Structure formats: C-alpha cells, structure tokens
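Engineer: This is run_36.pdb (PDB, C-alpha atoms and all ligand atoms).
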```pdb
ATOM      1  CA  MET A1177      50.957   7.269  12.105  1.00  0.00           C
ATOM      2  CA  ASN A1178      53.936   7.172   9.844  1.00  0.00           C
ATOM      3  CA  ILE A1179      55.841  10.376  10.490  1.00  0.00           C
ATOM      4  CA  GLN A1180      58.196   9.987   7.550  1.00  0.00           C
ATOM      5  CA  GLU A1181      55.333   9.417   5.121  1.00  0.00           C
ATOM      6  CA  ASN A1182      53.315  12.308   6.516  1.00  0.00           C
ATOM      7  CA  LEU A1183      56.297  14.592   6.095  1.00  0.00           C
ATOM      8  CA  LYS A1184      56.839  13.456   2.543  1.00  0.00           C
ATOM      9  CA  THR A1185      53.190  14.048   1.666  1.00  0.00           C
ATOM     10  CA  ILE A1186      53.173  17.536   3.140  1.00  0.00           C
ATOM     11  CA  LYS A1187      56.528  18.456   1.607  1.00  0.00           C
ATOM     12  CA  SER A1188      55.268  17.466  -1.829  1.00  0.00           C
ATOM     13  CA  SER A1189      52.105  19.538  -1.377  1.00  0.00           C
ATOM     14  CA  ILE A1190      53.795  22.831  -0.534  1.00  0.00           C
ATOM     15  CA  PRO A1191      55.766  25.008  -2.973  1.00  0.00           C
ATOM     16  CA  GLU A1192      59.507  25.297  -2.598  1.00  0.00           C
ATOM     17  CA  HIS A1193      59.499  28.875  -1.317  1.00  0.00           C
ATOM     18  CA  VAL A1194      57.422  27.839   1.704  1.00  0.00           C
ATOM     19  CA  THR A1195      59.313  26.799   4.841  1.00  0.00           C
ATOM     20  CA  LEU A1196      57.855  23.925   6.828  1.00  0.00           C
ATOM     21  CA  VAL A1197      58.108  24.164  10.610  1.00  0.00           C
ATOM     22  CA  ALA A1198      57.411  20.760  12.145  1.00  0.00           C
ATOM     23  CA  VAL A1199      55.471  21.513  15.316  1.00  0.00           C
ATOM     24  CA  SER A1200      56.594  18.870  17.785  1.00  0.00           C
ATOM     25  CA  LYS A1201      55.173  20.172  21.069  1.00  0.00           C
ATOM     26  CA  THR A1202      54.229  17.407  23.551  1.00  0.00           C
ATOM     27  CA  LYS A1203      55.819  14.752  21.314  1.00  0.00           C
ATOM     28  CA  PRO A1204      58.716  12.554  22.509  1.00  0.00           C
ATOM     29  CA  VAL A1205      62.252  12.926  21.139  1.00  0.00           C
ATOM     30  CA  SER A1206      61.876   9.566  19.386  1.00  0.00           C
ATOM     31  CA  ASP A1207      59.122  11.057  17.203  1.00  0.00           C
ATOM     32  CA  LEU A1208      61.225  14.125  16.447  1.00  0.00           C
ATOM     33  CA  MET A1209      64.135  11.882  15.525  1.00  0.00           C
ATOM     34  CA  GLU A1210      61.948  10.114  12.998  1.00  0.00           C
ATOM     35  CA  ALA A1211      61.293  13.436  11.316  1.00  0.00           C
ATOM     36  CA  TYR A1212      64.960  14.361  11.618  1.00  0.00           C
ATOM     37  CA  THR A1213      65.995  11.135   9.915  1.00  0.00           C
ATOM     38  CA  ALA A1214      63.592  11.989   7.096  1.00  0.00           C
ATOM     39  CA  GLY A1215      65.474  15.243   6.623  1.00  0.00           C
ATOM     40  CA  GLN A1216      63.439  17.699   8.700  1.00  0.00           C
ATOM     41  CA  ARG A1217      65.646  20.302  10.396  1.00  0.00           C
ATOM     42  CA  ILE A1218      63.181  22.942  11.612  1.00  0.00           C
ATOM     43  CA  PHE A1219      61.123  22.166  14.694  1.00  0.00           C
ATOM     44  CA  GLY A1220      58.581  24.344  16.477  1.00  0.00           C
ATOM     45  CA  GLU A1221      57.805  24.180  20.177  1.00  0.00           C
ATOM     46  CA  ASN A1222      55.506  26.299  22.307  1.00  0.00           C
ATOM     47  CA  LYS A1223      57.081  25.829  25.741  1.00  0.00           C
ATOM     48  CA  ILE A1224      60.583  27.113  26.382  1.00  0.00           C
ATOM     49  CA  GLN A1225      61.575  24.470  28.924  1.00  0.00           C
ATOM     50  CA  GLU A1226      60.404  21.612  26.718  1.00  0.00           C
ATOM     51  CA  MET A1227      62.290  23.081  23.762  1.00  0.00           C
ATOM     52  CA  ALA A1228      65.461  23.500  25.838  1.00  0.00           C
ATOM     53  CA  GLU A1229      65.323  19.862  26.947  1.00  0.00           C
ATOM     54  CA  LYS A1230      64.877  18.642  23.389  1.00  0.00           C
ATOM     55  CA  PHE A1231      67.680  20.924  22.222  1.00  0.00           C
ATOM     56  CA  GLN A1232      70.021  19.261  24.727  1.00  0.00           C
ATOM     57  CA  GLU A1233      69.121  15.777  23.560  1.00  0.00           C
ATOM     58  CA  MET A1234      69.004  16.242  19.819  1.00  0.00           C
ATOM     59  CA  PRO A1235      71.489  16.876  16.975  1.00  0.00           C
ATOM     60  CA  LYS A1236      72.871  20.378  16.906  1.00  0.00           C
ATOM     61  CA  ASP A1237      72.050  21.214  13.283  1.00  0.00           C
ATOM     62  CA  ILE A1238      68.367  21.575  14.177  1.00  0.00           C
ATOM     63  CA  LYS A1239      66.787  25.015  13.978  1.00  0.00           C
ATOM     64  CA  TRP A1240      64.497  25.542  16.955  1.00  0.00           C
ATOM     65  CA  HIS A1241      61.532  27.860  16.538  1.00  0.00           C
ATOM     66  CA  MET A1242      59.612  29.181  19.538  1.00  0.00           C
ATOM     67  CA  ILE A1243      56.052  29.448  18.262  1.00  0.00           C
ATOM     68  CA  GLY A1244      54.166  29.919  21.538  1.00  0.00           C
ATOM     69  CA  HIS A1245      53.493  32.811  23.847  1.00  0.00           C
ATOM     70  CA  VAL A1246      56.762  33.872  25.487  1.00  0.00           C
ATOM     71  CA  GLN A1247      57.087  34.874  29.121  1.00  0.00           C
ATOM     72  CA  ARG A1248      59.839  37.429  29.552  1.00  0.00           C
ATOM     73  CA  ASN A1249      61.439  35.719  32.538  1.00  0.00           C
ATOM     74  CA  LYS A1250      62.018  32.565  30.473  1.00  0.00           C
ATOM     75  CA  VAL A1251      63.765  34.105  27.473  1.00  0.00           C
ATOM     76  CA  LYS A1252      67.116  33.398  29.112  1.00  0.00           C
ATOM     77  CA  TYR A1253      66.581  29.643  28.796  1.00  0.00           C
ATOM     78  CA  MET A1254      66.495  29.761  24.987  1.00  0.00           C
ATOM     79  CA  ALA A1255      68.683  32.770  24.134  1.00  0.00           C
ATOM     80  CA  GLU A1256      71.716  30.590  23.512  1.00  0.00           C
ATOM     81  CA  PHE A1257      70.192  28.460  20.780  1.00  0.00           C
ATOM     82  CA  VAL A1258      66.774  29.584  19.524  1.00  0.00           C
ATOM     83  CA  ASN A1259      66.684  30.220  15.769  1.00  0.00           C
ATOM     84  CA  LEU A1260      63.437  32.154  15.392  1.00  0.00           C
ATOM     85  CA  ILE A1261      60.908  33.523  17.903  1.00  0.00           C
ATOM     86  CA  HIS A1262      57.465  33.786  16.280  1.00  0.00           C
ATOM     87  CA  GLY A1263      55.426  35.324  19.077  1.00  0.00           C
ATOM     88  CA  VAL A1264      56.928  38.723  19.812  1.00  0.00           C
ATOM     89  CA  ASP A1265      54.007  40.900  20.850  1.00  0.00           C
ATOM     90  CA  SER A1266      55.496  43.802  22.817  1.00  0.00           C
ATOM     91  CA  PHE A1267      58.472  46.108  23.050  1.00  0.00           C
ATOM     92  CA  LYS A1268      59.176  44.830  26.569  1.00  0.00           C
ATOM     93  CA  LEU A1269      59.564  41.293  25.253  1.00  0.00           C
ATOM     94  CA  LEU A1270      61.704  42.380  22.317  1.00  0.00           C
ATOM     95  CA  ASN A1271      63.893  44.349  24.706  1.00  0.00           C
ATOM     96  CA  GLU A1272      64.376  41.297  26.930  1.00  0.00           C
ATOM     97  CA  ILE A1273      65.250  39.103  23.929  1.00  0.00           C
ATOM     98  CA  ASN A1274      67.780  41.745  22.882  1.00  0.00           C
ATOM     99  CA  LYS A1275      69.314  41.762  26.360  1.00  0.00           C
ATOM    100  CA  GLN A1276      69.615  37.979  26.572  1.00  0.00           C
ATOM    101  CA  ALA A1277      70.914  37.677  23.003  1.00  0.00           C
ATOM    102  CA  LYS A1278      73.643  40.170  23.810  1.00  0.00           C
ATOM    103  CA  LYS A1279      74.881  37.968  26.666  1.00  0.00           C
ATOM    104  CA  HIS A1280      75.523  35.221  24.127  1.00  0.00           C
ATOM    105  CA  ASP A1281      76.878  37.583  21.516  1.00  0.00           C
ATOM    106  CA  ARG A1282      74.010  36.649  19.183  1.00  0.00           C
ATOM    107  CA  VAL A1283      71.472  38.404  17.017  1.00  0.00           C
ATOM    108  CA  ILE A1284      68.138  36.593  17.352  1.00  0.00           C
ATOM    109  CA  ASP A1285      65.606  36.610  14.513  1.00  0.00           C
ATOM    110  CA  CYS A1286      62.071  37.472  15.598  1.00  0.00           C
ATOM    111  CA  LEU A1287      58.599  37.768  14.114  1.00  0.00           C
ATOM    112  CA  PHE A1288      55.987  40.206  15.330  1.00  0.00           C
ATOM    113  CA  GLN A1289      52.804  38.391  16.221  1.00  0.00           C
ATOM    114  CA  ILE A1290      49.888  40.351  14.825  1.00  0.00           C
ATOM    115  CA  LYS A1291      46.426  39.814  16.258  1.00  0.00           C
ATOM    116  CA  ILE A1292      44.351  38.776  13.268  1.00  0.00           C
ATOM    117  CA  ALA A1293      41.598  36.807  15.011  1.00  0.00           C
ATOM    118  CA  GLU A1294      38.517  38.264  16.624  1.00  0.00           C
ATOM    119  CA  GLU A1295      38.936  35.900  19.571  1.00  0.00           C
ATOM    120  CA  ASP A1296      40.225  37.554  22.727  1.00  0.00           C
ATOM    121  CA  SER A1297      42.188  34.440  23.619  1.00  0.00           C
ATOM    122  CA  LYS A1298      44.757  35.100  20.896  1.00  0.00           C
ATOM    123  CA  PHE A1299      47.864  37.149  21.613  1.00  0.00           C
ATOM    124  CA  GLY A1300      49.394  39.710  19.339  1.00  0.00           C
ATOM    125  CA  MET A1301      49.807  43.373  18.625  1.00  0.00           C
ATOM    126  CA  SER A1302      47.734  45.550  16.362  1.00  0.00           C
ATOM    127  CA  LYS A1303      49.047  46.826  13.061  1.00  0.00           C
ATOM    128  CA  ASP A1304      49.301  50.318  14.549  1.00  0.00           C
ATOM    129  CA  ASP A1305      51.333  49.031  17.505  1.00  0.00           C
ATOM    130  CA  ALA A1306      53.708  47.323  15.084  1.00  0.00           C
ATOM    131  CA  VAL A1307      54.130  50.440  12.933  1.00  0.00           C
ATOM    132  CA  ALA A1308      54.786  52.612  15.981  1.00  0.00           C
ATOM    133  CA  LEU A1309      57.349  50.142  17.297  1.00  0.00           C
ATOM    134  CA  LEU A1310      59.188  49.812  13.988  1.00  0.00           C
ATOM    135  CA  LYS A1311      59.407  53.583  13.669  1.00  0.00           C
ATOM    136  CA  SER A1312      60.512  54.270  17.241  1.00  0.00           C
ATOM    137  CA  GLU A1313      64.003  55.382  18.225  1.00  0.00           C
ATOM    138  CA  THR A1314      64.212  52.750  20.976  1.00  0.00           C
ATOM    139  CA  PHE A1315      63.638  50.026  18.387  1.00  0.00           C
ATOM    140  CA  LYS A1316      66.599  51.192  16.345  1.00  0.00           C
ATOM    141  CA  GLU A1317      68.843  50.852  19.384  1.00  0.00           C
ATOM    142  CA  LEU A1318      68.200  47.113  19.699  1.00  0.00           C
ATOM    143  CA  GLU A1319      71.244  45.592  18.044  1.00  0.00           C
ATOM    144  CA  ASN A1320      70.801  41.966  19.061  1.00  0.00           C
ATOM    145  CA  VAL A1321      67.386  41.304  17.558  1.00  0.00           C
ATOM    146  CA  ASN A1322      66.390  41.155  13.942  1.00  0.00           C
ATOM    147  CA  VAL A1323      62.709  41.519  13.108  1.00  0.00           C
ATOM    148  CA  VAL A1324      62.333  39.521   9.902  1.00  0.00           C
ATOM    149  CA  GLY A1325      58.615  38.968   9.534  1.00  0.00           C
ATOM    150  CA  LEU A1326      55.126  38.568  10.912  1.00  0.00           C
ATOM    151  CA  MET A1327      53.187  35.723  12.459  1.00  0.00           C
ATOM    152  CA  GLY A1328      49.466  35.308  12.869  1.00  0.00           C
ATOM    153  CA  MET A1329      46.966  32.806  14.207  1.00  0.00           C
ATOM    154  CA  ALA A1330      43.534  32.684  12.684  1.00  0.00           C
ATOM    155  CA  THR A1331      40.356  32.074  14.641  1.00  0.00           C
ATOM    156  CA  PHE A1332      39.820  28.425  15.577  1.00  0.00           C
ATOM    157  CA  THR A1333      36.759  27.751  13.454  1.00  0.00           C
ATOM    158  CA  GLU A1334      35.318  25.693  10.619  1.00  0.00           C
ATOM    159  CA  ASP A1335      34.394  28.933   8.893  1.00  0.00           C
ATOM    160  CA  MET A1336      37.073  29.004   6.192  1.00  0.00           C
ATOM    161  CA  ALA A1337      35.804  32.308   4.808  1.00  0.00           C
ATOM    162  CA  LEU A1338      36.639  33.953   8.136  1.00  0.00           C
ATOM    163  CA  VAL A1339      40.055  32.273   8.258  1.00  0.00           C
ATOM    164  CA  GLU A1340      40.748  33.470   4.720  1.00  0.00           C
ATOM    165  CA  LYS A1341      39.768  37.008   5.634  1.00  0.00           C
ATOM    166  CA  GLU A1342      42.174  36.931   8.595  1.00  0.00           C
ATOM    167  CA  PHE A1343      45.030  35.520   6.494  1.00  0.00           C
ATOM    168  CA  ASN A1344      44.458  38.207   3.867  1.00  0.00           C
ATOM    169  CA  TYR A1345      44.582  40.802   6.611  1.00  0.00           C
ATOM    170  CA  LEU A1346      47.993  39.535   7.757  1.00  0.00           C
ATOM    171  CA  LYS A1347      49.295  39.605   4.191  1.00  0.00           C
ATOM    172  CA  SER A1348      48.130  43.185   3.629  1.00  0.00           C
ATOM    173  CA  THR A1349      49.611  44.194   6.990  1.00  0.00           C
ATOM    174  CA  PHE A1350      52.879  42.616   5.904  1.00  0.00           C
ATOM    175  CA  ASN A1351      52.858  44.584   2.641  1.00  0.00           C
ATOM    176  CA  GLU A1352      52.209  47.810   4.520  1.00  0.00           C
ATOM    177  CA  LEU A1353      54.849  47.255   7.184  1.00  0.00           C
ATOM    178  CA  GLN A1354      57.424  46.325   4.588  1.00  0.00           C
ATOM    179  CA  THR A1355      57.359  49.920   3.379  1.00  0.00           C
ATOM    180  CA  CYS A1356      58.800  51.078   6.725  1.00  0.00           C
ATOM    181  CA  HIS A1357      60.877  47.975   7.498  1.00  0.00           C
ATOM    182  CA  ALA A1358      62.402  46.404   4.400  1.00  0.00           C
ATOM    183  CA  LYS A1359      63.869  43.476   6.363  1.00  0.00           C
ATOM    184  CA  LEU A1360      60.456  41.825   6.624  1.00  0.00           C
ATOM    185  CA  LYS A1361      60.420  38.683   4.531  1.00  0.00           C
ATOM    186  CA  ILE A1362      58.664  35.938   6.508  1.00  0.00           C
ATOM    187  CA  ILE A1363      54.905  35.511   6.821  1.00  0.00           C
ATOM    188  CA  SER A1364      54.276  32.713   9.300  1.00  0.00           C
ATOM    189  CA  MET A1365      50.679  31.567   8.986  1.00  0.00           C
ATOM    190  CA  GLY A1366      48.888  28.271   8.474  1.00  0.00           C
ATOM    191  CA  MET A1367      48.624  25.091  10.540  1.00  0.00           C
ATOM    192  CA  SER A1368      47.522  21.503   9.816  1.00  0.00           C
ATOM    193  CA  GLY A1369      43.935  22.427   9.013  1.00  0.00           C
ATOM    194  CA  ASP A1370      44.541  25.497   6.899  1.00  0.00           C
ATOM    195  CA  TYR A1371      48.086  25.645   5.555  1.00  0.00           C
ATOM    196  CA  GLN A1372      47.025  25.315   1.905  1.00  0.00           C
ATOM    197  CA  LEU A1373      44.687  28.254   2.284  1.00  0.00           C
ATOM    198  CA  ALA A1374      47.409  30.210   4.112  1.00  0.00           C
ATOM    199  CA  ILE A1375      49.855  29.605   1.268  1.00  0.00           C
ATOM    200  CA  ASP A1376      47.235  30.766  -1.243  1.00  0.00           C
ATOM    201  CA  CYS A1377      46.937  33.943   0.848  1.00  0.00           C
ATOM    202  CA  GLY A1378      50.696  34.595   0.789  1.00  0.00           C
ATOM    203  CA  SER A1379      52.195  32.573   3.642  1.00  0.00           C
ATOM    204  CA  ASN A1380      55.798  31.487   3.178  1.00  0.00           C
ATOM    205  CA  MET A1381      56.175  29.666   6.507  1.00  0.00           C
ATOM    206  CA  VAL A1382      53.690  27.100   7.769  1.00  0.00           C
ATOM    207  CA  ARG A1383      53.598  25.567  11.241  1.00  0.00           C
ATOM    208  CA  VAL A1384      52.312  22.015  10.963  1.00  0.00           C
ATOM    209  CA  GLY A1385      51.963  19.676  13.934  1.00  0.00           C
ATOM    210  CA  SER A1386      49.221  17.069  14.010  1.00  0.00           C
ATOM    211  CA  SER A1387      49.353  16.318  10.272  1.00  0.00           C
ATOM    212  CA  ILE A1388      52.959  15.192  10.796  1.00  0.00           C
ATOM    213  CA  PHE A1389      53.042  13.729  14.299  1.00  0.00           C
ATOM    214  CA  GLY A1390      49.404  12.783  14.859  1.00  0.00           C
ATOM    215  CA  SER A1391      46.957  14.358  17.261  1.00  0.00           C
ATOM    216  CA  ARG A1392      48.196  15.492  20.636  1.00  0.00           C
ATOM    217  CA  ASN A1393      46.966  13.936  23.878  1.00  0.00           C
ATOM    218  CA  TYR A1394      46.133  17.226  25.489  1.00  0.00           C
ATOM    219  CA  ILE A1395      45.219  20.665  24.285  1.00  0.00           C
ATOM    220  CA  ASN A1396      48.081  23.137  24.226  1.00  0.00           C
TER
HETATM  221  C1  LIG B   1      50.262  23.825  18.005  1.00  0.00           C
HETATM  222  C2  LIG B   1      50.514  24.972  17.109  1.00  0.00           C
HETATM  223  C3  LIG B   1      50.572  24.796  15.714  1.00  0.00           C
HETATM  224  C4  LIG B   1      50.338  23.454  15.010  1.00  0.00           C
HETATM  225  O1  LIG B   1      49.019  23.063  15.119  1.00  0.00           O
HETATM  226  P1  LIG B   1      48.463  21.781  14.270  1.00  0.00           P
HETATM  227  O2  LIG B   1      47.041  22.066  14.117  1.00  0.00           O
HETATM  228  O3  LIG B   1      48.760  20.588  15.109  1.00  0.00           O
HETATM  229  O4  LIG B   1      49.199  21.751  12.981  1.00  0.00           O
HETATM  230  C5  LIG B   1      50.869  25.905  14.947  1.00  0.00           C
HETATM  231  N1  LIG B   1      51.092  27.114  15.496  1.00  0.00           N
HETATM  232  C6  LIG B   1      51.050  27.320  16.819  1.00  0.00           C
HETATM  233  C7  LIG B   1      51.317  28.672  17.357  1.00  0.00           C
HETATM  234  C8  LIG B   1      50.754  26.262  17.666  1.00  0.00           C
HETATM  235  O5  LIG B   1      50.711  26.468  19.003  1.00  0.00           O
END
```
Any chance you could put this one into structure tokens?
Structural biologist:
Amino acid sequence: MNIQENLKTIKSSIPEHVTLVAVSKTKPVSDLMEAYTAGQRIFGENKIQEMAEKFQEMPKDIKWHMIGHVQRNKVKYMAEFVNLIHGVDSFKLLNEINKQAKKHDRVIDCLFQIKIAEEDSKFGMSKDDAVALLKSETFKELENVNVVGLMGMATFTEDMALVEKEFNYLKSTFNELQTCHAKLKIISMGMSGDYQLAIDCGSNMVRVGSSIFGSRNYIN
C-alpha cells in the first residue's frame, strides 16, 4: 500500500469542486502523516477519543471531520478543534454541540445526516424531521452551530442501482431543503466503493478510507 500514490490517483480522478475527506479511522498516526506529507489536510474519524488523540499528536493545520455516530456526552472532547461534524441526527445533539461550541467561543459547522438507506442499522433523520428542525424557532436560537449541508450513507450492497437511487434521493432532499435553508452547500456522500457514482449524483464531499490507507483490520 502506497498511501501517497493512492491519494494522487484518487485526487486526479475527482473533479476540483469535490472535497476529499481521508478517512483514517483505526490507522496509526504514521499512516496519516504519510497522507499529510502528500498534502492531505482533511481527515475523517468515527470515534471522538481516537480523533482527539490524533489531533494532539499531529500538525495543527489539519481539519478534523467527525464522520461517525456522535454520542452527546462525548461532544465536549472535540468541541475545541473539530472542523465539521457529519452525523448530526437530532435536535438534542445539535443543541449539545451548540452548548459545547459556546464554551470555546466557536461556531461549529455541522451536516444533517439523512437516512437514505433501507437498512435499520443506519442512523439519520428523515427529510420531514430535517425540514421541521430547520423551520423551528429553537433552531434559530442556536448561535454556535452552522448547518452547512447534508450527509448520507447508502445501503451496504453490491446493488449499484439501489445505491444510485439512494444517492439521488439525498441530492433531491438537498435541493428541497436549500429552499428553506440557503446555507446548505455540502453534500457528503460516497466512500471507497462508490464515490464516482456519488459524484455523478451530485456529491461534493467524498469520504474515502480503504482506497487510501488500505483495508482495516476490524469492522468499524
Ligand atoms: C469508514 C467510513 C467511510 C470510509 O469507508 P471506506 O469504504 O473505507 O472508504 C466513510 N464514511 C463513513 C461514515 C465511515 O464510517
């Protein structure tokens, strides 16, 4: 596995308007540093503690994205430094992020995770939940969070027609929600196996792990 070469290949295969998040969960700092040396500055992790440890050890111009499911009681461990939280799926969580961001005098960018897969195992809110939240008075009072886009995870399947259908659904949801929340600009969808398809369906942020760092030793 040559991390620098993998990065170069992926970079050259995605258009310029698409942001590449290098998903480095479970990988050692030495691997991340290889990507950093090759110019990568955005890293995605799915466990808050692991991300906080890597943040401590690594250069401070890195943008850390939390891409996993977030437990409310752990938000405080990343509020000081996290750049973007992809998996916001409830008002309660958004409210906690707002509270912790305030303590650090920050405004934290967030994405709403929309449930686009049929699978019950996937987190996320429905389109209707998202609309209701964006239109609510309580939402407008949150001054330390900035909802800048949507994130979705497609069903884990070989059936690319299904994945495409789910990506298209996220894109159309994005278009709809933009009419009541003009700040939406990021569509985070696509991983190693399907990022090209995701981009074709309108993604402008892809989260790629194993195609950069190699397969992981355990399922996350
Ligand atoms: C692990 C993970 C990825 C990256 O998966 P790969 O298939 O290794 O590219 C993307 N998004 C989320 C939310 C993840 O947990």
Engineer: Please determine, counting all atoms listed in the file, which residue among A:Glu1352, A:Glu1221, A:Glu1192, A:Asp1265 has the shortest atom-to-atom distance to ligand LIG 1 (chain B).
Structural biologist: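 Using all atoms listed in the file, ligand LIG 1 (chain B) sits closest to A:Glu1221.
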Engineer: Out of A:Leu1183, A:Met1234, A:Ile1243, A:Ala1277, which residue has the shortest atom-to-atom distance to ligand LIG 1 (chain B) when counting only C-alpha atoms and all ligand atoms?
Structural biologist: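 Looking only at the distances to ligand LIG 1 (chain B), the closest residue turns out to be A:Ile1243.
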Engineer: Would you mind telling me which residue in A:Met1254, A:Met1336, A:Met1242, A:Leu1260 lies nearest to ligand LIG 1 (chain B) when using only C-alpha atoms and all ligand atoms?
Structural biologist: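 Of A:Met1254, A:Met1336, A:Met1242, A:Leu1260, the one nearest ligand LIG 1 (chain B), counting only C-alpha atoms and all ligand atoms, is A:Met1242.
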Engineer: Applied to the shown file, which residues does the PyMOL selection byres (((chain A and resi 1344) around 10) and not hetatm) return, written as a PyMOL selection string?
Structural biologist: chain A and resi 1292+1338-1343+1345-1350+1374+1376-1379
Engineer: List all protein, DNA and RNA residues that have an atom no more than 12 Å from any atom of ligand LIG 1 (chain B), counting only C-alpha atoms and all ligand atoms, and report them as an MDAnalysis selection string.
Structural biologist: chainID A and resid 1186 1196:1203 1219:1223 1241:1246 1261:1264 1289 1298:1300 1327:1333 1364:1372 1381:1396
Engineer: Generate the output file for the selected residues, C-alpha atoms, as a compact mmCIF listing (two decimals), in the frame of the given file.
Structural biologist:
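Result file result-v8.txt:
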```txt
# COMPACT_ATOMS: atom_id res chain seq x y z
CA ILE A 1186 53.17 17.54 3.14
CA LEU A 1196 57.86 23.92 6.83
CA VAL A 1197 58.11 24.16 10.61
CA ALA A 1198 57.41 20.76 12.14
CA VAL A 1199 55.47 21.51 15.32
CA SER A 1200 56.59 18.87 17.78
CA LYS A 1201 55.17 20.17 21.07
CA THR A 1202 54.23 17.41 23.55
CA LYS A 1203 55.82 14.75 21.31
CA PHE A 1219 61.12 22.17 14.69
CA GLY A 1220 58.58 24.34 16.48
CA GLU A 1221 57.80 24.18 20.18
CA ASN A 1222 55.51 26.30 22.31
CA LYS A 1223 57.08 25.83 25.74
CA HIS A 1241 61.53 27.86 16.54
CA MET A 1242 59.61 29.18 19.54
CA ILE A 1243 56.05 29.45 18.26
CA GLY A 1244 54.17 29.92 21.54
CA HIS A 1245 53.49 32.81 23.85
CA VAL A 1246 56.76 33.87 25.49
CA ILE A 1261 60.91 33.52 17.90
CA HIS A 1262 57.46 33.79 16.28
CA GLY A 1263 55.43 35.32 19.08
CA VAL A 1264 56.93 38.72 19.81
CA GLN A 1289 52.80 38.39 16.22
CA LYS A 1298 44.76 35.10 20.90
CA PHE A 1299 47.86 37.15 21.61
CA GLY A 1300 49.39 39.71 19.34
CA MET A 1327 53.19 35.72 12.46
CA GLY A 1328 49.47 35.31 12.87
CA MET A 1329 46.97 32.81 14.21
CA ALA A 1330 43.53 32.68 12.68
CA THR A 1331 40.36 32.07 14.64
CA PHE A 1332 39.82 28.42 15.58
CA THR A 1333 36.76 27.75 13.45
CA SER A 1364 54.28 32.71 9.30
CA MET A 1365 50.68 31.57 8.99
CA GLY A 1366 48.89 28.27 8.47
CA MET A 1367 48.62 25.09 10.54
CA SER A 1368 47.52 21.50 9.82
CA GLY A 1369 43.94 22.43 9.01
CA ASP A 1370 44.54 25.50 6.90
CA TYR A 1371 48.09 25.64 5.56
CA GLN A 1372 47.02 25.32 1.90
CA MET A 1381 56.18 29.67 6.51
CA VAL A 1382 53.69 27.10 7.77
CA ARG A 1383 53.60 25.57 11.24
CA VAL A 1384 52.31 22.02 10.96
CA GLY A 1385 51.96 19.68 13.93
CA SER A 1386 49.22 17.07 14.01
CA SER A 1387 49.35 16.32 10.27
CA ILE A 1388 52.96 15.19 10.80
CA PHE A 1389 53.04 13.73 14.30
CA GLY A 1390 49.40 12.78 14.86
CA SER A 1391 46.96 14.36 17.26
CA ARG A 1392 48.20 15.49 20.64
CA ASN A 1393 46.97 13.94 23.88
CA TYR A 1394 46.13 17.23 25.49
CA ILE A 1395 45.22 20.66 24.28
CA ASN A 1396 48.08 23.14 24.23
```
Engineer: Report, in Å to a single decimal, how far apart CA of Leu1287 in chain A and CA of Lys1250 in chain A are.
Structural biologist: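 Atom-to-atom, CA of Lys1250 in chain A to CA of Leu1287 in chain A, that is 17.5 Å.
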Engineer: At a cut-off of 12 Å, using only C-alpha atoms, what residues contact Ala1358 in chain A? Leave out same-chain residues fewer than 5 positions from it and give the result as a list in words.
Structural biologist: Leu1310, Asn1322, Val1323, Val1324, Gly1325, Phe1350, Asn1351, Glu1352 and Leu1353 of chain A
Engineer: Please measure the separation of CA of Asp1285 in chain A and CA of Asn1259 in chain A, giving the value in Å to one decimal.
Structural biologist: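 Here the two named atoms are 6.6 Å from each other.
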Engineer: Measuring between only C-alpha atoms, which one of A:Glu1256, A:Tyr1212, A:Ile1224, A:Asn1178 shows the shortest distance to Asp1237 in chain A?
Structural biologist: A:Tyr1212
Engineer: Using the chain letters and residue numbers of this document, give as a list of chain:residue names the residues selected by the PyMOL selection byres (((chain A and resi 1307) around 10) and not hetatm).
Structural biologist: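 On the file shown, the PyMOL selection byres (((chain A and resi 1307) around 10) and not hetatm) covers A:Ser1302, A:Lys1303, A:Asp1304, A:Asp1305, A:Ala1306, A:Ala1308, A:Leu1309, A:Leu1310, A:Lys1311, A:Ser1312, A:Thr1349, A:Glu1352, A:Leu1353, A:Gln1354, A:Cys1356, A:His1357.
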